Structures are given as C-alpha cells and as structure tokens.
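Engineer: My questions will all concern the structure given below.
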Amino acid sequence: MIAIIDYGMGNLRSVQKGFEKVGYEAVVTADPQVVLEAERVVLPGVGAFGDCMRNLEQGGFVEPILKVIKDGRPFLGICVGMQMLLTDSTEFGLTKGLDIIPGHVLRFPDNMVVNGERLKVPHMGWNQLAIKTPAPIFKGIDDGVNVYFVHSYYEMPDDRAAVAATSEYGLTFCAALWKDNVVATQFHPEKSQETGLKILKNFGEMK
C-alpha cells in the first residue's frame, strides 16, 4: 500500500489518481500511524516551504517520515515535498527542512536573461530532463523527455551524487534526487502525462 501524506498542502487526489491509473493502490491519509505502517510513502507539496514544514510538524508526520526512510522503505517527494528533504530553504527567511539530504533550497534570480529575453519566476511549464544517474524512477525513460514544472525555488544538494536529473531555466538546476530508498522530483509526475505515469509506476515497483 502506498500512503500519500495529507498535511493540507499538495495535489493529493491527482497524485492518487496517477497511481491508480498505473495499477497501484494509494491512500490519502492524515493519520501518522497509517504512514508508519505503509509499504511506501509519498510526500507531495505545493505552496510556501515554511507553511509546508509547519503543517508537517503539527500533523505529527516528521518522526514517521524519518522512521520510514530509516527502515529503507521507498519514499517519494514531489515539488515542495522534495525541497523539504534538504537542510533548509531561503524562502521568506531561513527555514529548516528535514535534513535527510544535506543541502539548500534557493530562489531563482529575478534577473535571468536567455537570448535577450528575461525569464519569469516562477518557472512554469514543460522542460527537458537531463538524466544523470540510473535512479529507479527513471527505468525505461529516455534522457531528454519533457516534464511539467511549477516552482520559484530550486535545490542545491551538498553531494552532487544525489542529483538524479537536472534541467535548465536560466541556470542548471536539480530536477530530481536519489539517495538509497529516497527519490524526489521537483517536477510534477502527476501532471507530466505518460512520462509522469511511468515514473509513478516505477516508484510502485521500487524494492
């Protein structure tokens, strides 16, 4: 069973429907005990980093998340759910994250210019993935595929080996992470059509 953490932030139903489309049972839950007992866990996230961390803490999910990861069960972070895996974020001042993957979350500069055109922040829309490691979620997925992003902040992990994929938006940024049983995407698999569904299916098959 796949548990999708409901802490008041995230596209929960769309993630659940994505898993259902590829044949996996997924439950949306606000119960930390259900998370503790799940075979694999998904942490989605939309909104401000600080609000997400506060809701996660108030919902009693921090310890269950750390336990699931320590036990070696597959864990997927999506968007802000990926950002919270790092040490901290600079959004609205410095806010501590879960520190599962050492590193920092930074805002895209406002003055990025490509081919004479100023880039808007947030970065929103389809963009290409450059796959860097054989992360289990990328099994059978070709380098250079397009996926859907909506974000103003990006991750800078201390260990570059944890970067599973990158993308380009005025600078090269980390688009996916992989460390042991933890995988995470800055993009939204549930909004990334067939490629996204394949990624969700691959997560369901992770050992």
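Following the order of the structure tokens, first chain is A, next is B, and so on, with residues numbered from 1 inside each chain and ligands from 1 in the order they appear.
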So that I can check the surroundings of A:Arg54, please list as a PyMOL selection string every protein, DNA and RNA residue that reaches within 12 Å of it, counting only C-alpha atoms and ignoring chain neighbours fewer than 4 positions away.
Structural biologist: chain A and resi 7-9+47-50+58-62+84+95-98
Engineer: Store the residues of this selection in a file with C-alpha atoms, as an mmCIF file, in the first residue's frame.
Structural biologist:
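Resulting contents of out-v1.cif:
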```
data_model
loop_
_atom_site.group_PDB
_atom_site.id
_atom_site.type_symbol
_atom_site.label_atom_id
_atom_site.label_comp_id
_atom_site.auth_asym_id
_atom_site.auth_seq_id
_atom_site.Cartn_x
_atom_site.Cartn_y
_atom_site.Cartn_z
ATOM 1 C CA TYR A 7 -0.885 17.612 5.690
ATOM 2 C CA GLY A 8 -3.009 20.248 3.983
ATOM 3 C CA MET A 9 -0.546 21.038 1.163
ATOM 4 C CA GLY A 47 2.949 26.375 -1.525
ATOM 5 C CA ALA A 48 5.497 28.030 0.734
ATOM 6 C CA PHE A 49 8.261 25.901 2.269
ATOM 7 C CA GLY A 50 7.695 27.272 5.786
ATOM 8 C CA GLN A 58 1.844 19.958 13.524
ATOM 9 C CA GLY A 59 0.363 16.906 11.839
ATOM 10 C CA GLY A 60 2.854 14.645 13.605
ATOM 11 C CA PHE A 61 4.458 13.394 10.386
ATOM 12 C CA VAL A 62 8.133 14.202 10.903
ATOM 13 C CA MET A 84 11.700 19.678 2.432
ATOM 14 C CA THR A 95 13.640 27.762 7.395
ATOM 15 C CA LYS A 96 14.875 24.344 8.470
ATOM 16 C CA GLY A 97 13.903 21.278 6.477
ATOM 17 C CA LEU A 98 14.050 17.571 7.294
#
```
Engineer: With 12 Å as the cut-off and only C-alpha atoms counted, what is the closest atom pair between each nearby residue of stretch 159-185 of chain A and stretch 78-82 of chain A? Distances in Å to one decimal, ordered by chain and number, as CSV.
Structural biologist:
```
residue,atom,partner,partner_atom,distance
A:Val163,CA,A:Met82,CA,11.9
A:Cys174,CA,A:Met82,CA,10.5
A:Ala175,CA,A:Cys79,CA,9.3
A:Ala176,CA,A:Met82,CA,8.2
A:Leu177,CA,A:Met82,CA,7.9
A:Trp178,CA,A:Met82,CA,10.4
A:Val182,CA,A:Met82,CA,9.8
A:Val183,CA,A:Met82,CA,8.3
A:Ala184,CA,A:Met82,CA,5.2
A:Thr185,CA,A:Ile78,CA,5.1
```
Engineer: Could you dump the residues just selected with C-alpha atoms as a CSV table (one decimal), in the first residue's frame?
Structural biologist:
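The resulting result_5.csv:
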```csv
chain,number,residue,atom,x,y,z
A,163,VAL,CA,21.4,14.7,-8.2
A,174,CYS,CA,18.5,19.9,-9.8
A,175,ALA,CA,15.2,18.4,-11.1
A,176,ALA,CA,15.3,15.0,-9.3
A,177,LEU,CA,17.1,13.4,-6.3
A,178,TRP,CA,18.1,9.9,-5.5
A,182,VAL,CA,14.6,8.1,-1.3
A,183,VAL,CA,13.7,9.6,-4.6
A,184,ALA,CA,12.2,13.0,-5.3
A,185,THR,CA,11.2,15.2,-8.2
```
Engineer: Using only C-alpha atoms, what does the table of stretch 137-172 of chain A residues within 8 Å of stretch 103-117 of chain A look like, with each row giving the shortest atom pair and its distance in Å to one decimal, sorted by chain and ascending number, as a tab-separated table?
Structural biologist:
```
residue	atom	partner	partner_atom	distance
A:Ser152	CA	A:Arg107	CA	5.9
A:Tyr153	CA	A:Arg107	CA	4.2
A:Tyr154	CA	A:Leu106	CA	5.5
A:Glu155	CA	A:Val105	CA	4.5
A:Met156	CA	A:His104	CA	5.2
A:Pro157	CA	A:Gly103	CA	4.0
A:Asp158	CA	A:Gly103	CA	4.8
A:Asp159	CA	A:Gly103	CA	7.8
A:Gly170	CA	A:Met112	CA	5.6
```
Engineer: Filtering to C-alpha atoms, could you give me those residues as an mmCIF file, in the first residue's frame?
Structural biologist:
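Listing of selection_4.cif after writing:
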```
data_model
loop_
_atom_site.group_PDB
_atom_site.id
_atom_site.type_symbol
_atom_site.label_atom_id
_atom_site.label_comp_id
_atom_site.auth_asym_id
_atom_site.auth_seq_id
_atom_site.Cartn_x
_atom_site.Cartn_y
_atom_site.Cartn_z
ATOM 1 C CA SER A 152 10.290 29.574 -7.852
ATOM 2 C CA TYR A 153 12.929 27.733 -5.784
ATOM 3 C CA TYR A 154 15.435 25.014 -6.658
ATOM 4 C CA GLU A 155 17.648 22.581 -4.708
ATOM 5 C CA MET A 156 21.413 22.612 -4.237
ATOM 6 C CA PRO A 157 22.379 19.307 -2.569
ATOM 7 C CA ASP A 158 25.819 19.243 -0.960
ATOM 8 C CA ASP A 159 26.515 15.833 -2.504
ATOM 9 C CA GLY A 170 18.467 30.373 -16.786
#
```
Engineer: Compile the contact shell of A:Trp126 as a JSON list (two decimals) with C-alpha atoms, in the first residue's frame: residues with an atom at most 12 Å away, counting only C-alpha atoms, same-chain residues fewer than 5 positions apart removed.
Structural biologist:
```
[["chain", "number", "residue", "atom", "x", "y", "z"],
["A", 144, "GLY", "CA", 15.67, 14.50, -22.75],
["A", 145, "VAL", "CA", 11.99, 13.84, -22.03],
["A", 146, "ASN", "CA", 9.78, 16.79, -21.09],
["A", 147, "VAL", "CA", 8.09, 17.07, -17.69],
["A", 148, "TYR", "CA", 5.95, 19.73, -16.03],
["A", 149, "PHE", "CA", 7.36, 22.24, -13.53],
["A", 150, "VAL", "CA", 5.86, 24.94, -11.31],
["A", 151, "HIS", "CA", 8.42, 26.45, -8.89],
["A", 167, "SER", "CA", 17.02, 20.80, -16.12],
["A", 168, "GLU", "CA", 17.75, 24.28, -17.46],
["A", 169, "TYR", "CA", 16.00, 27.54, -16.66],
["A", 187, "PHE", "CA", 8.57, 18.49, -11.36],
["A", 188, "HIS", "CA", 5.06, 17.09, -11.01],
["A", 189, "PRO", "CA", 4.83, 13.47, -12.27],
["A", 191, "LYS", "CA", 0.95, 16.47, -14.42],
["A", 192, "SER", "CA", 3.59, 15.06, -16.77],
["A", 193, "GLN", "CA", 1.35, 12.79, -18.85],
["A", 195, "THR", "CA", 6.28, 10.09, -18.69],
["A", 196, "GLY", "CA", 4.92, 11.05, -15.28]]
```
Engineer: So which residues of stretch 2-191 of chain A fall under strand (DSSP E or B) by DSSP, listed as an MDAnalysis selection string?
Structural biologist: chainID A and resid 2:5 26:29 40:43 75:78 88:89 95:96 103:107 113:114 117:118 123:128 130:131 146:151 153:157 163:168 172:179 182:185
Engineer: Write the residues you've just listed into a file as an mmCIF file, in the first residue's frame, and include C-alpha atoms for each of them.
Structural biologist:
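So part.cif came out as:
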```cif
data_model
loop_
_atom_site.group_PDB
_atom_site.id
_atom_site.type_symbol
_atom_site.label_atom_id
_atom_site.label_comp_id
_atom_site.auth_asym_id
_atom_site.auth_seq_id
_atom_site.Cartn_x
_atom_site.Cartn_y
_atom_site.Cartn_z
ATOM 1 C CA ILE A 2 1.188 3.499 -0.897
ATOM 2 C CA ALA A 3 0.439 6.252 1.622
ATOM 3 C CA ILE A 4 0.151 9.822 0.320
ATOM 4 C CA ILE A 5 0.632 12.217 3.237
ATOM 5 C CA ALA A 26 -2.732 4.577 -2.935
ATOM 6 C CA VAL A 27 -4.472 6.118 0.065
ATOM 7 C CA VAL A 28 -4.511 9.785 1.028
ATOM 8 C CA THR A 29 -4.053 9.915 4.787
ATOM 9 C CA ARG A 40 5.923 3.062 0.590
ATOM 10 C CA VAL A 41 5.225 6.755 1.202
ATOM 11 C CA VAL A 42 4.690 9.857 -0.949
ATOM 12 C CA LEU A 43 5.174 13.437 0.287
ATOM 13 C CA PHE A 75 9.910 7.254 -0.263
ATOM 14 C CA LEU A 76 8.948 9.818 -2.931
ATOM 15 C CA GLY A 77 8.978 13.598 -2.507
ATOM 16 C CA ILE A 78 7.229 15.796 -5.081
ATOM 17 C CA ASP A 88 16.939 24.389 4.776
ATOM 18 C CA SER A 89 15.265 26.898 2.457
ATOM 19 C CA THR A 95 13.640 27.762 7.395
ATOM 20 C CA LYS A 96 14.875 24.344 8.470
ATOM 21 C CA GLY A 103 21.765 20.901 1.007
ATOM 22 C CA HIS A 104 19.881 24.141 0.497
ATOM 23 C CA VAL A 105 16.841 25.461 -1.359
ATOM 24 C CA LEU A 106 17.431 28.740 -3.203
ATOM 25 C CA ARG A 107 15.280 31.150 -5.220
ATOM 26 C CA VAL A 113 18.108 36.517 -19.286
ATOM 27 C CA VAL A 114 18.297 33.947 -22.111
ATOM 28 C CA GLU A 117 14.621 37.600 -23.032
ATOM 29 C CA ARG A 118 14.122 37.984 -19.297
ATOM 30 C CA HIS A 123 9.425 28.677 -13.703
ATOM 31 C CA MET A 124 6.182 27.232 -15.026
ATOM 32 C CA GLY A 125 5.575 24.749 -17.829
ATOM 33 C CA TRP A 126 7.245 21.906 -19.707
ATOM 34 C CA ASN A 127 11.001 21.498 -19.661
ATOM 35 C CA GLN A 128 13.570 18.882 -20.613
ATOM 36 C CA ALA A 130 18.858 15.550 -18.370
ATOM 37 C CA ILE A 131 19.061 12.206 -16.552
ATOM 38 C CA ASN A 146 9.783 16.787 -21.092
ATOM 39 C CA VAL A 147 8.090 17.072 -17.693
ATOM 40 C CA TYR A 148 5.947 19.731 -16.031
ATOM 41 C CA PHE A 149 7.364 22.239 -13.526
ATOM 42 C CA VAL A 150 5.859 24.941 -11.308
ATOM 43 C CA HIS A 151 8.421 26.450 -8.890
ATOM 44 C CA TYR A 153 12.929 27.733 -5.784
ATOM 45 C CA TYR A 154 15.435 25.014 -6.658
ATOM 46 C CA GLU A 155 17.648 22.581 -4.708
ATOM 47 C CA MET A 156 21.413 22.612 -4.237
ATOM 48 C CA PRO A 157 22.379 19.307 -2.569
ATOM 49 C CA VAL A 163 21.375 14.659 -8.236
ATOM 50 C CA ALA A 164 19.453 12.163 -10.366
ATOM 51 C CA ALA A 165 18.424 14.636 -13.075
ATOM 52 C CA THR A 166 18.856 18.275 -13.990
ATOM 53 C CA SER A 167 17.018 20.800 -16.119
ATOM 54 C CA GLU A 168 17.749 24.280 -17.456
ATOM 55 C CA THR A 172 21.223 24.320 -14.455
ATOM 56 C CA PHE A 173 19.137 23.140 -11.503
ATOM 57 C CA CYS A 174 18.450 19.854 -9.754
ATOM 58 C CA ALA A 175 15.232 18.362 -11.112
ATOM 59 C CA ALA A 176 15.339 15.027 -9.256
ATOM 60 C CA LEU A 177 17.143 13.448 -6.313
ATOM 61 C CA TRP A 178 18.053 9.867 -5.485
ATOM 62 C CA LYS A 179 19.695 8.606 -2.321
ATOM 63 C CA VAL A 182 14.618 8.105 -1.254
ATOM 64 C CA VAL A 183 13.671 9.572 -4.632
ATOM 65 C CA ALA A 184 12.243 13.008 -5.302
ATOM 66 C CA THR A 185 11.197 15.221 -8.204
#
```
Engineer: Between A:Thr133, A:Arg160, A:Glu91, A:Val35, which has the minimum distance to A:Leu66 (counting only C-alpha atoms)?
Structural biologist: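 Of the candidates, the smallest distance to A:Leu66 is held by A:Val35.
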Engineer: Work out how far apart atom CA of A:Met1 and atom CA of A:Phe203 are and give it in Å to one decimal.
Structural biologist: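 Atom CA of A:Phe203 lies 12.0 Å from atom CA of A:Met1.
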Engineer: Can you list, as JSON, numbers by chain, every protein, DNA or RNA residue that comes within 9 Å of A:Asn11 when you count only C-alpha atoms, leaving out same-chain residues fewer than 6 positions away?
Structural biologist: {"A": [44, 45, 46, 190]}
Engineer: Could you dump the residues just selected with N, CA and C atoms as a PDB file, in the first residue's frame?
Structural biologist:
```pdb
ATOM      1  N   PRO A  44       3.803  14.861  -1.178  1.00  0.00           N
ATOM      2  CA  PRO A  44       3.633  15.920  -2.168  1.00  0.00           C
ATOM      3  C   PRO A  44       3.808  17.278  -1.479  1.00  0.00           C
ATOM      4  N   GLY A  45       3.747  18.353  -2.246  1.00  0.00           N
ATOM      5  CA  GLY A  45       3.838  19.667  -1.626  1.00  0.00           C
ATOM      6  C   GLY A  45       3.619  20.782  -2.614  1.00  0.00           C
ATOM      7  N   VAL A  46       2.756  21.731  -2.245  1.00  0.00           N
ATOM      8  CA  VAL A  46       2.515  22.924  -3.040  1.00  0.00           C
ATOM      9  C   VAL A  46       2.406  24.090  -2.061  1.00  0.00           C
ATOM     10  N   GLU A 190       2.483  13.739 -11.664  1.00  0.00           N
ATOM     11  CA  GLU A 190       1.036  13.605 -11.868  1.00  0.00           C
ATOM     12  C   GLU A 190       0.512  14.546 -12.942  1.00  0.00           C
TER      13      GLU A 190
END
```
Engineer: I need the helix (DSSP H, G or I) residues of stretch 101-183 of chain A per DSSP on the backbone, written as a count of residues only.
Structural biologist: 6
Engineer: Between atom CA of A:Ile101 and atom CA of A:Leu86, measure the distance and give it in Å to one decimal.
Structural biologist: 4.9 Å
Engineer: Between A:Asn55, A:Gln16, A:Thr90, A:Gln83, single out the one closest to A:Leu197, counting only C-alpha atoms.
Structural biologist: A:Gln16
Engineer: Just the residues within 8 Å of A:Met206, please, counting only C-alpha atoms, with nothing from its chain fewer than 4 positions along; format it as a PyMOL selection string.
Structural biologist: chain A and resi 74+136-137+202
Engineer: Rounded to one decimal in Å, what is the spacing between atom CA of A:Gly10 and atom CA of A:Val22?
Structural biologist: 20.2 Å
